[in-house]
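Dropping entry_3.pdb in here (PDB, C-alpha atoms):
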ATOM      1  CA  MET A   1      -8.155 -22.605  11.111
ATOM      2  CA  THR A   2      -8.101 -21.848  14.826
ATOM      3  CA  LEU A   3      -4.878 -22.325  16.651
ATOM      4  CA  ASN A   4      -4.310 -24.147  19.880
ATOM      5  CA  HIS A   5      -3.402 -20.825  21.402
ATOM      6  CA  GLY A   6      -6.613 -19.153  20.369
ATOM      7  CA  PHE A   7      -5.083 -17.104  17.553
ATOM      8  CA  PRO A   8      -7.091 -17.776  14.417
ATOM      9  CA  VAL A   9      -4.818 -17.997  11.410
ATOM     10  CA  ALA A  10      -7.934 -17.551   9.292
ATOM     11  CA  GLU A  11      -7.939 -13.909  10.376
ATOM     12  CA  LEU A  12      -4.831 -13.444   8.304
ATOM     13  CA  SER A  13      -6.734 -14.405   5.197
ATOM     14  CA  HIS A  14      -8.463 -11.047   4.863
ATOM     15  CA  VAL A  15      -5.078  -9.585   4.091
ATOM     16  CA  MET A  16      -3.655 -12.507   2.196
ATOM     17  CA  THR A  17      -6.607 -12.835  -0.161
ATOM     18  CA  GLY A  18      -6.614  -9.128  -0.936
ATOM     19  CA  ALA A  19     -10.294  -8.701  -0.054
ATOM     20  CA  SER A  20     -10.601  -6.250  -2.881
ATOM     21  CA  PRO A  21     -13.483  -5.732  -5.264
ATOM     22  CA  ALA A  22     -13.446  -7.266  -8.689
ATOM     23  CA  ASN A  23     -11.303  -5.289 -11.091
ATOM     24  CA  PRO A  24     -13.665  -3.069 -13.088
ATOM     25  CA  THR A  25     -11.007  -2.066 -15.582
ATOM     26  CA  LEU A  26     -10.713  -5.326 -17.472
ATOM     27  CA  PRO A  27     -13.182  -4.395 -20.190
ATOM     28  CA  GLY A  28     -14.470  -5.994 -23.288
ATOM     29  CA  PRO A  29     -12.851  -5.031 -26.567
ATOM     30  CA  ALA A  30     -15.325  -2.231 -27.356
ATOM     31  CA  ALA A  31     -14.935  -0.183 -24.163
ATOM     32  CA  SER A  32     -14.371   3.513 -24.836
ATOM     33  CA  PHE A  33     -11.627   5.629 -23.366
ATOM     34  CA  GLU A  34     -14.225   7.668 -21.492
ATOM     35  CA  SER A  35     -15.814   4.677 -19.778
ATOM     36  CA  LEU A  36     -12.462   3.114 -18.884
ATOM     37  CA  PHE A  37     -11.140   6.385 -17.554
ATOM     38  CA  ALA A  38     -14.265   7.018 -15.488
ATOM     39  CA  SER A  39     -14.027   3.540 -13.958
ATOM     40  CA  CYS A  40     -10.506   4.094 -12.640
ATOM     41  CA  LEU A  41     -10.707   7.805 -11.808
ATOM     42  CA  SER A  42     -10.982   7.390  -8.046
ATOM     43  CA  SER A  43      -7.960   5.090  -8.052
ATOM     44  CA  ALA A  44      -5.974   7.472 -10.198
ATOM     45  CA  TYR A  45      -6.945  10.501  -8.133
ATOM     46  CA  GLY A  46      -6.073   8.698  -4.893
ATOM     47  CA  VAL A  47      -2.639   7.762  -6.184
ATOM     48  CA  ALA A  48      -2.099  11.260  -7.587
ATOM     49  CA  LEU A  49      -3.056  12.753  -4.231
ATOM     50  CA  ARG A  50      -0.509  10.576  -2.440
ATOM     51  CA  LEU A  51       2.186  11.477  -4.966
ATOM     52  CA  THR A  52       1.633  15.223  -5.076
ATOM     53  CA  ARG A  53       0.264  15.711  -1.515
ATOM     54  CA  SER A  54      -2.015  18.452  -2.870
ATOM     55  CA  LYS A  55      -5.576  18.262  -4.189
ATOM     56  CA  ALA A  56      -4.990  20.883  -6.854
ATOM     57  CA  ASP A  57      -1.754  19.250  -8.030
ATOM     58  CA  ALA A  58      -3.431  15.831  -7.973
ATOM     59  CA  GLU A  59      -6.190  17.056 -10.283
ATOM     60  CA  ASP A  60      -3.611  18.602 -12.607
ATOM     61  CA  LEU A  61      -1.616  15.379 -12.644
ATOM     62  CA  VAL A  62      -4.682  13.275 -13.471
ATOM     63  CA  GLN A  63      -5.566  15.784 -16.187
ATOM     64  CA  ASP A  64      -2.067  15.502 -17.693
ATOM     65  CA  ALA A  65      -2.170  11.723 -17.539
ATOM     66  CA  ALA A  66      -5.657  11.642 -19.067
ATOM     67  CA  PHE A  67      -4.468  13.777 -21.960
ATOM     68  CA  LEU A  68      -1.466  11.528 -22.610
ATOM     69  CA  ALA A  69      -3.505   8.346 -22.200
ATOM     70  CA  HIS A  70      -6.195   9.665 -24.516
ATOM     71  CA  ARG A  71      -3.584  10.427 -27.151
ATOM     72  CA  ALA A  72      -1.952   7.018 -26.743
ATOM     73  CA  PHE A  73      -5.158   5.023 -26.430
ATOM     74  CA  ALA A  74      -4.463   3.200 -29.692
ATOM     75  CA  SER A  75      -1.519   1.495 -27.979
ATOM     76  CA  PHE A  76      -3.707   0.106 -25.182
ATOM     77  CA  THR A  77      -4.479  -3.584 -25.656
ATOM     78  CA  PRO A  78      -8.222  -4.182 -25.191
ATOM     79  CA  GLY A  79      -8.992  -6.720 -22.511
ATOM     80  CA  THR A  80      -5.876  -5.942 -20.476
ATOM     81  CA  ASN A  81      -5.729  -3.956 -17.243
ATOM     82  CA  PHE A  82      -6.561  -0.352 -18.157
ATOM     83  CA  ARG A  83      -6.072   0.844 -14.576
ATOM     84  CA  ALA A  84      -2.474  -0.435 -14.463
ATOM     85  CA  TRP A  85      -1.848   1.022 -17.932
ATOM     86  CA  PHE A  86      -3.222   4.395 -16.877
ATOM     87  CA  LEU A  87      -1.337   4.406 -13.568
ATOM     88  CA  LYS A  88       1.903   3.798 -15.442
ATOM     89  CA  ILE A  89       1.228   6.921 -17.509
ATOM     90  CA  LEU A  90       0.258   8.841 -14.385
ATOM     91  CA  VAL A  91       3.430   7.882 -12.504
ATOM     92  CA  ASN A  92       5.545   8.760 -15.553
ATOM     93  CA  SER A  93       3.789  12.133 -15.713
ATOM     94  CA  TYR A  94       4.576  12.675 -12.070
ATOM     95  CA  TYR A  95       8.266  11.893 -12.620
ATOM     96  CA  SER A  96       8.319  14.282 -15.586
ATOM     97  CA  ARG A  97       6.874  17.041 -13.403
ATOM     98  CA  ARG A  98       9.395  16.313 -10.692
ATOM     99  CA  ARG A  99      12.277  16.505 -13.137
ATOM    100  CA  ARG A 100      11.109  19.939 -14.179
ATOM    101  CA  GLU A 101      11.178  21.085 -10.599
ATOM    102  CA  LYS A 102      14.214  21.583  -8.455
ATOM    103  CA  SER A 103      14.832  18.269  -6.738
ATOM    104  CA  ARG A 104      14.787  18.643  -3.026
ATOM    105  CA  PRO A 105      17.146  16.441  -1.042
ATOM    106  CA  VAL A 106      15.124  13.911   0.883
ATOM    107  CA  THR A 107      16.126  13.258   4.423
ATOM    108  CA  SER A 108      14.384  10.741   6.582
ATOM    109  CA  ASP A 109      14.730   9.316  10.032
ATOM    110  CA  LEU A 110      12.737   6.312   8.915
ATOM    111  CA  ASP A 111      15.568   4.448   7.199
ATOM    112  CA  ASP A 112      16.693   2.464  10.199
ATOM    113  CA  THR A 113      13.271   1.245  11.321
ATOM    114  CA  PRO A 114      13.476  -2.223  12.887
ATOM    115  CA  ASP A 115      10.984  -4.995  12.172
ATOM    116  CA  LEU A 116       7.653  -5.169  14.010
ATOM    117  CA  TYR A 117       8.004  -1.546  15.015
ATOM    118  CA  ILE A 118       4.458  -0.842  16.191
ATOM    119  CA  TYR A 119       4.223  -4.206  17.896
ATOM    120  CA  ALA A 120       7.447  -3.631  19.795
ATOM    121  CA  ARG A 121       6.693  -0.028  20.690
ATOM    122  CA  SER A 122       3.171  -0.921  21.759
ATOM    123  CA  GLY A 123       4.583  -3.354  24.262
ATOM    124  CA  GLU A 124       6.988  -0.714  25.610
ATOM    125  CA  ALA A 125       4.289   1.962  25.820
ATOM    126  CA  GLY A 126       1.716  -0.207  27.506
ATOM    127  CA  PHE A 127      -0.549  -0.158  24.454
ATOM    128  CA  PRO A 128      -2.165  -3.599  24.060
ATOM    129  CA  THR A 129      -0.602  -6.124  21.683
ATOM    130  CA  GLN A 130      -3.121  -8.842  22.473
ATOM    131  CA  GLY A 131      -6.874  -9.060  22.667
ATOM    132  CA  PRO A 132      -9.360  -8.182  19.948
ATOM    133  CA  ASP A 133      -7.270  -6.641  17.175
ATOM    134  CA  PRO A 134      -5.127  -4.053  19.001
ATOM    135  CA  ALA A 135      -3.511  -2.826  15.769
ATOM    136  CA  ALA A 136      -6.949  -1.988  14.365
ATOM    137  CA  GLN A 137      -7.712  -0.026  17.521
ATOM    138  CA  LEU A 138      -4.596   2.068  17.030
ATOM    139  CA  LEU A 139      -5.383   2.718  13.352
ATOM    140  CA  GLU A 140      -8.958   3.623  14.233
ATOM    141  CA  LYS A 141      -7.719   6.191  16.734
ATOM    142  CA  LEU A 142      -5.332   7.638  14.159
ATOM    143  CA  GLY A 143      -7.988   7.990  11.448
ATOM    144  CA  THR A 144      -7.659   8.027   7.683
ATOM    145  CA  GLU A 145      -6.159  11.501   7.332
ATOM    146  CA  ARG A 146      -3.327  10.785   9.758
ATOM    147  CA  ILE A 147      -2.607   7.467   8.045
ATOM    148  CA  VAL A 148      -2.363   9.440   4.820
ATOM    149  CA  ASP A 149       0.013  11.820   6.606
ATOM    150  CA  ALA A 150       2.159   8.839   7.559
ATOM    151  CA  ILE A 151       2.343   7.664   3.935
ATOM    152  CA  ASN A 152       3.320  11.208   2.957
ATOM    153  CA  ARG A 153       6.308  11.083   5.304
ATOM    154  CA  LEU A 154       7.928   8.220   3.401
ATOM    155  CA  PRO A 155      10.802   8.966   1.015
ATOM    156  CA  GLU A 156       9.439   9.250  -2.510
ATOM    157  CA  GLU A 157      10.432   5.861  -3.954
ATOM    158  CA  TYR A 158       8.885   4.076  -0.979
ATOM    159  CA  ARG A 159       5.854   6.344  -0.944
ATOM    160  CA  ILE A 160       5.024   5.604  -4.579
ATOM    161  CA  ALA A 161       5.444   1.835  -4.278
ATOM    162  CA  SER A 162       3.508   1.774  -0.988
ATOM    163  CA  THR A 163       0.698   3.867  -2.460
ATOM    164  CA  LEU A 164       0.253   1.448  -5.353
ATOM    165  CA  TYR A 165       0.349  -1.484  -2.944
ATOM    166  CA  PHE A 166      -1.937  -0.188  -0.204
ATOM    167  CA  MET A 167      -4.423   1.762  -2.322
ATOM    168  CA  GLU A 168      -4.623  -0.211  -5.521
ATOM    169  CA  ASP A 169      -3.988  -3.798  -4.488
ATOM    170  CA  LEU A 170      -1.759  -4.228  -7.517
ATOM    171  CA  SER A 171       0.421  -7.324  -7.619
ATOM    172  CA  TYR A 172       4.188  -6.982  -7.327
ATOM    173  CA  GLU A 173       4.403  -7.655 -11.070
ATOM    174  CA  GLU A 174       1.846  -4.945 -11.897
ATOM    175  CA  ILE A 175       3.630  -2.431  -9.665
ATOM    176  CA  ALA A 176       6.910  -3.324 -11.391
ATOM    177  CA  ARG A 177       5.324  -2.587 -14.769
ATOM    178  CA  VAL A 178       3.918   0.723 -13.518
ATOM    179  CA  LEU A 179       7.262   1.783 -12.057
ATOM    180  CA  GLN A 180       9.283   0.143 -14.850
ATOM    181  CA  CYS A 181      11.630  -1.578 -12.457
ATOM    182  CA  PRO A 182      12.415  -5.219 -11.536
ATOM    183  CA  VAL A 183       9.988  -7.149  -9.330
ATOM    184  CA  GLY A 184      12.798  -7.585  -6.807
ATOM    185  CA  THR A 185      13.069  -3.827  -6.483
ATOM    186  CA  VAL A 186       9.338  -3.585  -5.826
ATOM    187  CA  ARG A 187       9.581  -6.292  -3.167
ATOM    188  CA  SER A 188      12.474  -4.525  -1.476
ATOM    189  CA  ARG A 189      10.756  -1.131  -1.540
ATOM    190  CA  LEU A 190       7.513  -2.561  -0.178
ATOM    191  CA  HIS A 191       9.213  -4.418   2.641
ATOM    192  CA  ARG A 192      11.222  -1.378   3.668
ATOM    193  CA  GLY A 193       8.291   0.905   3.031
ATOM    194  CA  ARG A 194       6.125  -1.096   5.418
ATOM    195  CA  LYS A 195       8.680  -0.747   8.178
ATOM    196  CA  MET A 196       9.040   2.968   7.556
ATOM    197  CA  LEU A 197       5.292   3.397   7.519
ATOM    198  CA  GLN A 198       4.987   1.726  10.901
ATOM    199  CA  LYS A 199       7.497   4.126  12.395
ATOM    200  CA  ALA A 200       5.739   7.101  10.793
ATOM    201  CA  LEU A 201       2.396   5.895  12.155
ATOM    202  CA  TRP A 202       3.865   5.554  15.618
ATOM    203  CA  GLN A 203       5.437   9.013  15.449
ATOM    204  CA  ILE A 204       2.054  10.476  14.566
ATOM    205  CA  ALA A 205       0.367   8.505  17.327
ATOM    206  CA  GLU A 206       2.870  10.062  19.740
ATOM    207  CA  GLU A 207       2.363  13.555  18.304
ATOM    208  CA  ASP A 208      -1.405  13.188  18.667
ATOM    209  CA  GLY A 209      -1.141  11.874  22.210
ATOM    210  CA  ILE A 210      -2.663   8.521  21.290
ATOM    211  CA  VAL A 211       0.348   6.819  22.818
ATOM    212  CA  SER A 212       2.694   8.338  25.319
ATOM    213  CA  GLN A 213       6.077   9.579  24.217
ATOM    214  CA  PRO A 214       9.045   8.046  25.998
ATOM    215  CA  ALA A 215      10.973  10.221  28.407
ATOM    216  CA  ARG A 216      14.197   9.250  26.668
ATOM    217  CA  GLN A 217      13.935   9.052  22.880
ATOM    218  CA  ASP A 218      16.919   6.871  22.102
ATOM    219  CA  ASP A 219      15.671   5.533  18.751
ATOM    220  CA  ALA A 220      14.718   8.772  17.048
TER     221      ALA A 220
ATOM    222  CA  MET B   1      12.183 -22.448  23.646
ATOM    223  CA  SER B   2      14.341 -25.164  22.082
ATOM    224  CA  ARG B   3      16.980 -24.505  19.478
ATOM    225  CA  LEU B   4      14.773 -26.087  16.802
ATOM    226  CA  ASP B   5      11.810 -23.917  17.765
ATOM    227  CA  ARG B   6      14.005 -20.843  17.703
ATOM    228  CA  THR B   7      15.218 -21.702  14.193
ATOM    229  CA  ASN B   8      11.661 -22.209  13.064
ATOM    230  CA  CYS B   9      10.604 -18.875  14.514
ATOM    231  CA  GLU B  10      13.446 -17.101  12.743
ATOM    232  CA  GLU B  11      12.648 -18.775   9.452
ATOM    233  CA  ALA B  12       8.977 -17.941   9.838
ATOM    234  CA  PHE B  13       9.701 -14.334  10.752
ATOM    235  CA  ARG B  14      12.046 -13.925   7.794
ATOM    236  CA  ARG B  15       9.132 -14.849   5.524
ATOM    237  CA  LEU B  16       6.476 -12.757   7.272
ATOM    238  CA  ASP B  17       5.974 -10.152   4.537
ATOM    239  CA  ASP B  18       6.067 -12.705   1.741
ATOM    240  CA  PHE B  19       3.645 -14.907   3.655
ATOM    241  CA  LEU B  20       1.148 -12.085   4.098
ATOM    242  CA  ASP B  21       1.450 -11.176   0.418
ATOM    243  CA  ARG B  22       1.172 -14.833  -0.669
ATOM    244  CA  ARG B  23       4.534 -14.624  -2.380
ATOM    245  CA  LEU B  24       5.702 -18.005  -1.070
ATOM    246  CA  THR B  25       5.400 -21.373  -2.780
ATOM    247  CA  PRO B  26       2.515 -23.584  -1.611
ATOM    248  CA  GLU B  27       5.022 -25.735   0.254
ATOM    249  CA  GLU B  28       6.519 -22.718   2.032
ATOM    250  CA  MET B  29       3.046 -21.439   2.887
ATOM    251  CA  ARG B  30       2.183 -24.809   4.389
ATOM    252  CA  ILE B  31       5.368 -24.894   6.466
ATOM    253  CA  ILE B  32       4.695 -21.419   7.860
ATOM    254  CA  GLU B  33       1.070 -22.270   8.619
ATOM    255  CA  GLU B  34       2.169 -25.404  10.430
ATOM    256  CA  HIS B  35       4.589 -23.365  12.477
ATOM    257  CA  LEU B  36       1.891 -20.837  13.346
ATOM    258  CA  GLU B  37      -0.347 -23.632  14.575
ATOM    259  CA  VAL B  38       2.127 -24.480  17.302
ATOM    260  CA  CYS B  39       3.815 -21.140  18.032
ATOM    261  CA  ALA B  40       1.699 -18.628  19.914
ATOM    262  CA  TRP B  41       4.454 -16.003  19.833
ATOM    263  CA  CYS B  42       4.822 -15.969  16.044
ATOM    264  CA  THR B  43       1.059 -16.136  15.572
ATOM    265  CA  ARG B  44       0.592 -13.059  17.729
ATOM    266  CA  GLU B  45       3.238 -11.185  15.710
ATOM    267  CA  PHE B  46       1.829 -12.347  12.370
ATOM    268  CA  ASN B  47      -1.713 -11.409  13.379
ATOM    269  CA  PHE B  48      -0.560  -7.984  14.525
ATOM    270  CA  GLU B  49       1.318  -7.336  11.279
ATOM    271  CA  ALA B  50      -1.601  -8.585   9.207
ATOM    272  CA  SER B  51      -3.936  -6.293  11.089
ATOM    273  CA  VAL B  52      -1.719  -3.246  10.493
ATOM    274  CA  LEU B  53      -1.501  -4.120   6.806
ATOM    275  CA  TYR B  54      -5.214  -4.692   6.403
ATOM    276  CA  GLY B  55      -6.141  -1.634   8.448
ATOM    277  CA  VAL B  56      -3.978   0.700   6.374
ATOM    278  CA  LYS B  57      -5.329  -0.755   3.130
ATOM    279  CA  ARG B  58      -8.905  -0.403   4.316
ATOM    280  CA  LYS B  59      -8.446   3.191   5.451
ATOM    281  CA  LEU B  60      -6.621   4.352   2.326
ATOM    282  CA  ARG B  61      -9.209   2.881  -0.012
ATOM    283  CA  GLN B  62     -11.927   5.108   1.419
ATOM    284  CA  LEU B  63     -10.691   8.082  -0.607
ATOM    285  CA  GLU B  64     -12.916   9.280  -3.444
ATOM    286  CA  ALA B  65     -12.264  11.652  -6.321
ATOM    287  CA  PRO B  66     -14.268  14.898  -6.421
ATOM    288  CA  PRO B  67     -17.629  14.090  -8.047
ATOM    289  CA  ASP B  68     -17.254  16.458 -10.992
ATOM    290  CA  LEU B  69     -13.615  15.648 -11.759
ATOM    291  CA  VAL B  70     -14.281  13.087 -14.472
ATOM    292  CA  THR B  71     -16.586  15.487 -16.318
ATOM    293  CA  ARG B  72     -14.125  18.337 -16.068
ATOM    294  CA  ILE B  73     -11.215  16.245 -17.325
ATOM    295  CA  LEU B  74     -13.092  14.583 -20.165
ATOM    296  CA  SER B  75     -14.486  17.919 -21.318
ATOM    297  CA  ARG B  76     -10.935  19.194 -21.858
ATOM    298  CA  LEU B  77      -9.819  16.275 -24.024
ATOM    299  CA  PRO B  78      -9.795  16.461 -27.806
ATOM    300  CA  PRO B  79     -12.863  14.772 -29.304
ATOM    301  CA  ASN B  80     -11.289  11.949 -31.300
ATOM    302  CA  PRO B  81      -8.275  10.147 -29.887
ATOM    303  CA  GLU B  82      -6.087   8.437 -32.420
ATOM    304  CA  GLY B  83      -7.142   4.873 -33.029
ATOM    305  CA  GLU B  84     -10.332   4.914 -30.985
ATOM    306  CA  GLY B  85     -13.639   3.827 -32.282
TER     307      GLY B  85
END
Give the structure from this file in structure tokens form.
Amino acid sequence: MTLNHGFPVAELSHVMTGASPANPTLPGPAASFESLFASCLSSAYGVALRLTRSKADAEDLVQDAAFLAHRAFASFTPGTNFRAWFLKILVNSYYSRRRREKSRPVTSDLDDTPDLYIYARSGEAGFPTQGPDPAAQLLEKLGTERIVDAINRLPEEYRIASTLYFMEDLSYEEIARVLQCPVGTVRSRLHRGRKMLQKALWQIAEEDGIVSQPARQDDA
Amino acid sequence: MSRLDRTNCEEAFRRLDDFLDRRLTPEEMRIIEEHLEVCAWCTREFNFEASVLYGVKRKLRQLEAPPDLVTRILSRLPPNPEGEG
């Protein structure tokens, strides 16, 4: 669909349809633990890396989760989503680790982020909001590692939900099962998490000189 | 912008996240799409938000596990998990 104003709604479909590869972790009934685990390792490692923010801790967390999943494999229902099942164990393992550590109070200046943050700030900073995909241009300039840094700045509950959403393309219902919380809670965390992420991305863009910092920071 | 248009824009904006995640009913999706066909302002905002969402997803999914990680982890597991096989 192309709009009268020249803004193709069809462009939205690449987000709305997920554009993700077929799920490789919906196996036949005879799939072994080893093959299922190998097929979702990159997903699990990516999530673990976002949770722990450390490569060594991420490997340890995946190892812990693999051990628990291996032991509990009899409870896995063949033909269902192994990746979601494994991620639930992984997130639980992460929470167990966190409980063993001293909880650090989380403070964030992201809580009060208004809607359309990047869009609004782009307009103020003279960064384009029209033309051929200006948001993609900004993300390209930031690069993957700095986008990861932005995710890492989110408060934990938003960081975990956002990681599962952005990295794994899990449905709200699947994320709710992984986190063992109501779907409404997932929806709320994702909506707030998106706003926080936009502010974190913009902060990093300012820090890196991709966009200019305002002379008077009255929203920080 | 007329009062009716303004109301439509607000209603559309309130559903932006759910629209992008396809969490609306087919009827709600159709109403939003119809609004976007006639409202350049909302379409620009929706496109921008969709692009941020898609761009972050695309970037974050480029991460790969270390190549030998699966071997290392599997080699440390006990040989026969309960109930397998």
Separating atom CA of A:Pro132 from atom CA of A:Leu154, to the nearest tenth of an Å, is a gap of 29.0 Å
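Residues in contact range of A:Glu173, defined as at most 12 Å between only C-alpha atoms, with sequence neighbours fewer than 3 positions away removed, read Ala84, Ala161, Leu164, Tyr165, Asp169, Leu170, Ala176, Arg177, Val178, Leu179, Gln180, Cys181, Pro182, Val183, Gly184, Thr185, Val186 and Arg187 of chain A; Arg23 of chain B.
Taking atom CA of B:Ser75 as the reference point, atom CA of A:Phe67 is found at 10.9 Å.
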As a check of understanding: the span from atom CA of A:Tyr45 to atom CA of A:Met196 is 23.6 Å
Q: Could you list the residues chosen by the ChimeraX specification (/A :<8) & /B in this structure as a ChimeraX atom specification?
A: /B:17,19-22,33,36-40,43-57,59-61,63-65,69-70,73-74,77,81-85
List the residues selected by the PyMOL selection byres ((chain A and resi 91) around 9) in the file shown, writing them as a PDB file with C-alpha atoms, in the coordinates of the input.
ATOM      1  CA  VAL A  47      -2.639   7.762  -6.184  1.00  0.00           C
ATOM      2  CA  ALA A  48      -2.099  11.260  -7.587  1.00  0.00           C
ATOM      3  CA  LEU A  51       2.186  11.477  -4.966  1.00  0.00           C
ATOM      4  CA  ALA A  65      -2.170  11.723 -17.539  1.00  0.00           C
ATOM      5  CA  PHE A  86      -3.222   4.395 -16.877  1.00  0.00           C
ATOM      6  CA  LEU A  87      -1.337   4.406 -13.568  1.00  0.00           C
ATOM      7  CA  LYS A  88       1.903   3.798 -15.442  1.00  0.00           C
ATOM      8  CA  ILE A  89       1.228   6.921 -17.509  1.00  0.00           C
ATOM      9  CA  LEU A  90       0.258   8.841 -14.385  1.00  0.00           C
ATOM     10  CA  ASN A  92       5.545   8.760 -15.553  1.00  0.00           C
ATOM     11  CA  SER A  93       3.789  12.133 -15.713  1.00  0.00           C
ATOM     12  CA  TYR A  94       4.576  12.675 -12.070  1.00  0.00           C
ATOM     13  CA  TYR A  95       8.266  11.893 -12.620  1.00  0.00           C
ATOM     14  CA  SER A  96       8.319  14.282 -15.586  1.00  0.00           C
ATOM     15  CA  ILE A 160       5.024   5.604  -4.579  1.00  0.00           C
ATOM     16  CA  VAL A 178       3.918   0.723 -13.518  1.00  0.00           C
ATOM     17  CA  LEU A 179       7.262   1.783 -12.057  1.00  0.00           C
TER      18      LEU A 179
END
Starting from the incomplete input, reconstruct N, CA and C atoms of stretch 176-195 of chain A and write that as a PDB file, in the frame of the given file.
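Output file rebuild.pdb follows:
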ATOM      1  N   ALA A 176       5.635  -3.388 -10.662  1.00  0.00           N
ATOM      2  CA  ALA A 176       6.910  -3.324 -11.391  1.00  0.00           C
ATOM      3  C   ALA A 176       6.699  -2.745 -12.786  1.00  0.00           C
ATOM      4  N   ARG A 177       5.589  -3.128 -13.429  1.00  0.00           N
ATOM      5  CA  ARG A 177       5.324  -2.587 -14.769  1.00  0.00           C
ATOM      6  C   ARG A 177       5.008  -1.096 -14.697  1.00  0.00           C
ATOM      7  N   VAL A 178       4.247  -0.699 -13.665  1.00  0.00           N
ATOM      8  CA  VAL A 178       3.918   0.723 -13.518  1.00  0.00           C
ATOM      9  C   VAL A 178       5.189   1.538 -13.285  1.00  0.00           C
ATOM     10  N   LEU A 179       6.053   1.038 -12.417  1.00  0.00           N
ATOM     11  CA  LEU A 179       7.262   1.783 -12.057  1.00  0.00           C
ATOM     12  C   LEU A 179       8.421   1.511 -13.014  1.00  0.00           C
ATOM     13  N   GLN A 180       8.238   0.530 -13.887  1.00  0.00           N
ATOM     14  CA  GLN A 180       9.283   0.143 -14.850  1.00  0.00           C
ATOM     15  C   GLN A 180      10.584  -0.207 -14.144  1.00  0.00           C
ATOM     16  N   CYS A 181      10.463  -1.101 -13.195  1.00  0.00           N
ATOM     17  CA  CYS A 181      11.630  -1.578 -12.457  1.00  0.00           C
ATOM     18  C   CYS A 181      11.461  -3.078 -12.201  1.00  0.00           C
ATOM     19  N   PRO A 182      12.535  -3.776 -11.787  1.00  0.00           N
ATOM     20  CA  PRO A 182      12.415  -5.219 -11.536  1.00  0.00           C
ATOM     21  C   PRO A 182      11.478  -5.526 -10.367  1.00  0.00           C
ATOM     22  N   VAL A 183      10.888  -6.725 -10.403  1.00  0.00           N
ATOM     23  CA  VAL A 183       9.988  -7.149  -9.330  1.00  0.00           C
ATOM     24  C   VAL A 183      10.737  -7.182  -7.988  1.00  0.00           C
ATOM     25  N   GLY A 184      12.008  -7.551  -8.038  1.00  0.00           N
ATOM     26  CA  GLY A 184      12.798  -7.585  -6.807  1.00  0.00           C
ATOM     27  C   GLY A 184      12.920  -6.211  -6.166  1.00  0.00           C
ATOM     28  N   THR A 185      12.995  -5.195  -7.010  1.00  0.00           N
ATOM     29  CA  THR A 185      13.069  -3.827  -6.483  1.00  0.00           C
ATOM     30  C   THR A 185      11.753  -3.447  -5.813  1.00  0.00           C
ATOM     31  N   VAL A 186      10.650  -3.846  -6.427  1.00  0.00           N
ATOM     32  CA  VAL A 186       9.338  -3.585  -5.826  1.00  0.00           C
ATOM     33  C   VAL A 186       9.252  -4.275  -4.461  1.00  0.00           C
ATOM     34  N   ARG A 187       9.643  -5.528  -4.421  1.00  0.00           N
ATOM     35  CA  ARG A 187       9.581  -6.292  -3.167  1.00  0.00           C
ATOM     36  C   ARG A 187      10.405  -5.595  -2.085  1.00  0.00           C
ATOM     37  N   SER A 188      11.597  -5.179  -2.442  1.00  0.00           N
ATOM     38  CA  SER A 188      12.474  -4.525  -1.476  1.00  0.00           C
ATOM     39  C   SER A 188      11.872  -3.204  -0.991  1.00  0.00           C
ATOM     40  N   ARG A 189      11.333  -2.428  -1.934  1.00  0.00           N
ATOM     41  CA  ARG A 189      10.756  -1.131  -1.540  1.00  0.00           C
ATOM     42  C   ARG A 189       9.526  -1.329  -0.658  1.00  0.00           C
ATOM     43  N   LEU A 190       8.719  -2.330  -0.971  1.00  0.00           N
ATOM     44  CA  LEU A 190       7.513  -2.561  -0.178  1.00  0.00           C
ATOM     45  C   LEU A 190       7.864  -3.031   1.223  1.00  0.00           C
ATOM     46  N   HIS A 191       8.846  -3.906   1.321  1.00  0.00           N
ATOM     47  CA  HIS A 191       9.213  -4.418   2.641  1.00  0.00           C
ATOM     48  C   HIS A 191       9.806  -3.302   3.500  1.00  0.00           C
ATOM     49  N   ARG A 192      10.665  -2.498   2.909  1.00  0.00           N
ATOM     50  CA  ARG A 192      11.222  -1.378   3.668  1.00  0.00           C
ATOM     51  C   ARG A 192      10.174  -0.306   3.910  1.00  0.00           C
ATOM     52  N   GLY A 193       9.343  -0.094   2.899  1.00  0.00           N
ATOM     53  CA  GLY A 193       8.291   0.905   3.031  1.00  0.00           C
ATOM     54  C   GLY A 193       7.326   0.587   4.159  1.00  0.00           C
ATOM     55  N   ARG A 194       7.024  -0.692   4.324  1.00  0.00           N
ATOM     56  CA  ARG A 194       6.125  -1.096   5.418  1.00  0.00           C
ATOM     57  C   ARG A 194       6.724  -0.758   6.775  1.00  0.00           C
ATOM     58  N   LYS A 195       8.026  -1.040   6.895  1.00  0.00           N
ATOM     59  CA  LYS A 195       8.680  -0.747   8.178  1.00  0.00           C
ATOM     60  C   LYS A 195       8.704   0.753   8.445  1.00  0.00           C
TER      61      LYS A 195
END
